[in-house]
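Colleague: Can you keep this structure in mind? I'll have questions shortly.
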Amino acid sequence: MLPLFKKELVFKHHWLTEDELMDIISISQSVPGSLTINSAAFLGRTMAGIKGAVFAILGAALAPMLCIALFVGIQPLIDGNVYVDRFFTGIRAAVAGLILSALFDLRRHVLQSKADLVIMAGSFAAIQVFDINFIYIIACGILCSLFLYFLANKNKIGTAVILGSNLAISAINYRTAYVFWAIFGLAYICYQYDKYLIRKRIGNESNDKKDTAVKAEKTEKRRRSESKSTKNYELKGEEANANT
Amino acid sequence: MLILELFLRFFKLGFISFGGGYAIIPLLYKEVSGIWRVTKTQFANLIGLFELTPGSVTVNAAGYVGYQIGKIPGAVLSTIGVILPSFILMLIISSLLKKFSENDITKEVIRGVRPAAMGIMCSSLIFFIGTSIIEAGKMPKSISDPLVISIPSLIIAVLSFYAVHKKNVNPIWVTLGAGALGVLLVK
């Protein structure tokens with residue numbers, strides 16, 4: 001996708017520089033909706049106002065619509081065919097593989113801490129086991145992330161607001177309450193554990209620094225004594241030379 | 001009236017379709033099956049088809065389902081419904097671009113949304129495993145039920161994962177190849 005964008009927008013039409021394109025892509029990825037539609041809206045808006053955004057989106061949505069129209073047209077012809085069924089069975093298996101690959105790709109970018117892993121596992125359990133409405137799941141992810149952010153910045157008001165809104169959501173829908181509080185609790189534990197690890201690492205690093213300093217002193221002393229000894233040796237040698 | 005409900009359902013989906021098409025398949029199924037009679041296998045077939053057509057899964061699904069329910073007006077309206085949220089959000093964001101990309105809170109919001117979307121993606125993986133590798137309709141309801149695994153599907157899934165993840169083959173070719181393998185292997 002990206003190379004195509006670059007070729008069309010940057011090199012062919014010179015509408016954008018490469019940096020601007022990267023900005024647009026990164027913002028489009030973080031907003032809901034597909035990348036094509038989002039970047040079309042963004043680009044249209046910045047180039048030709050709201051009218052531009054509308055027409056850019058129309059352009060981006062037209063090709064899929066036409067393809068769907070084509071498929072709807074030929075669907076009566078292929079429905080019930082054994083080979084078509086087998087073809088689709090293969091495709092279904094392939095999509096499972098594609099999703100797994102996408103998950104592996106995302107793992108590197110998204111799961112940066114243990115708390116992220118907790119949010120992921122929690123939302124999976126919420127949708128698969130507890131069958132909770134997805135809006136609550138997304139809300140839980142956002143609230144949990146903000147909760148950790150406020151905790152890290154020692155913003156007591158923010159933390160209280162987040163916990164309060166969590167309570168409110170639990171009151172509205174009691175079934176979400178278990179999952180929400182479980183995710184929050186586990187994320188909090190992860191946060192404290194990470195903090196503990198960081199503290200430990202800092203402590204170790206300062207110890208290491210002391211160690212290295214001591215070692216450096218020792219090696220310096222050794223070097224000096226060695227150089228002294230070599231000097232002595234040389235002197236001795238010179239003396240020896242002089243003597244001979 | 002049905003068309004209007006369709007519009008609202010897709011409008012709701014448009015707001016939460018984070019992280020590309022895969023992250024919302026279970027949600028899409030839930031919303032669509034509430035208004036249109038479709039089995040899990042049929043729905044999975046459609047998603048596989050949208051993998052081959054240009055455009056994102058959400059937009060394609062909106063067009064297709066809208067057509068099935070309300071013919072052309074339905075298709076147009078549900079597509080608008082799914083696009084409208086990203087249109088509105090992008091208009092707001094492009095006018096306050098600097099504030100958006102440099103604000104810590106928005107960064108944290110995005111950081112929280114992504115793992116949640118990944119969790120939903122795991123669920124869509126389960127959805128597809130349920131409709132392909134564990135053969136459709138034979139999904140075990142309790143632990144004592146036998147688990148029927150379709151070996152050809154398993155082989156195709158592993159091969160396509162290997163091709164995309166390790167060899168960086170274009171997903172469209174992988175999907176087409178998997179379809180061809182399906183014609184050859186599946187009985």
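Quick note on naming: the chains in the structure tokens go A, B, ... in the order shown, residues restart at 1 in each chain, and ligands are numbered from 1 in order of appearance.
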Residues near A:Ala94, anyone? I mean within 8 Å using only C-alpha atoms, not counting same-chain ones fewer than 3 positions away, as a list in words.
Modeller: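 Surrounding residues, per the criterion: Gly90, Ile91, Gly97 and Leu98 of chain A; Ile156, Ala157, Ser160, Phe161, Val174, Thr175 and Ala178 of chain B.
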Colleague: Looking at A:Leu58, A:Ile142, A:Ile183, A:Leu148, which one is nearest to chain B, with distances taken over only C-alpha atoms?
Modeller: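 That would be A:Ile142, the residue with the smallest distance to chain B.
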Colleague: Compile the residues of chain A that lie within 6 Å of chain B, evaluated using only C-alpha atoms, and express the compilation as a ChimeraX atom specification.
Modeller: /A:32-34,42,64,83,86-88,90-94,96-98,101,116,119-121,123-124,138,141-142,145-146
Colleague: Measure the distance from atom CA of A:Phe180 to atom CA of A:Gly158 in Å and round it to one decimal.
Modeller: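 Value for the atom CA of A:Phe180-atom CA of A:Gly158 distance: 17.7 Å.
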Colleague: Got a sec: who's within 12 Å of A:Leu9, counting only C-alpha atoms, leaving out chain neighbours fewer than 2 positions off, as a count of residues only?
Modeller: 22
Colleague: Check stretch 7-203 of chain A with DSSP on the backbone and list each residue it calls alpha helix (DSSP H), as an NGL selection string.
Modeller: :A and (18-30 or 35-78 or 82-110 or 114-128 or 134-152 or 156-172 or 174-203)
Colleague: Here is a test: counting only C-alpha atoms, which residue of A:Val110, A:Thr159, A:Leu117, A:Thr176 is nearest to A:Ile135?
Modeller: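 Smallest distance to A:Ile135 is found for A:Thr176.
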Colleague: What is the distance between atom CA of A:Ala182 and atom CA of A:Arg108, in Å to one decimal?
Modeller: 24.6 Å
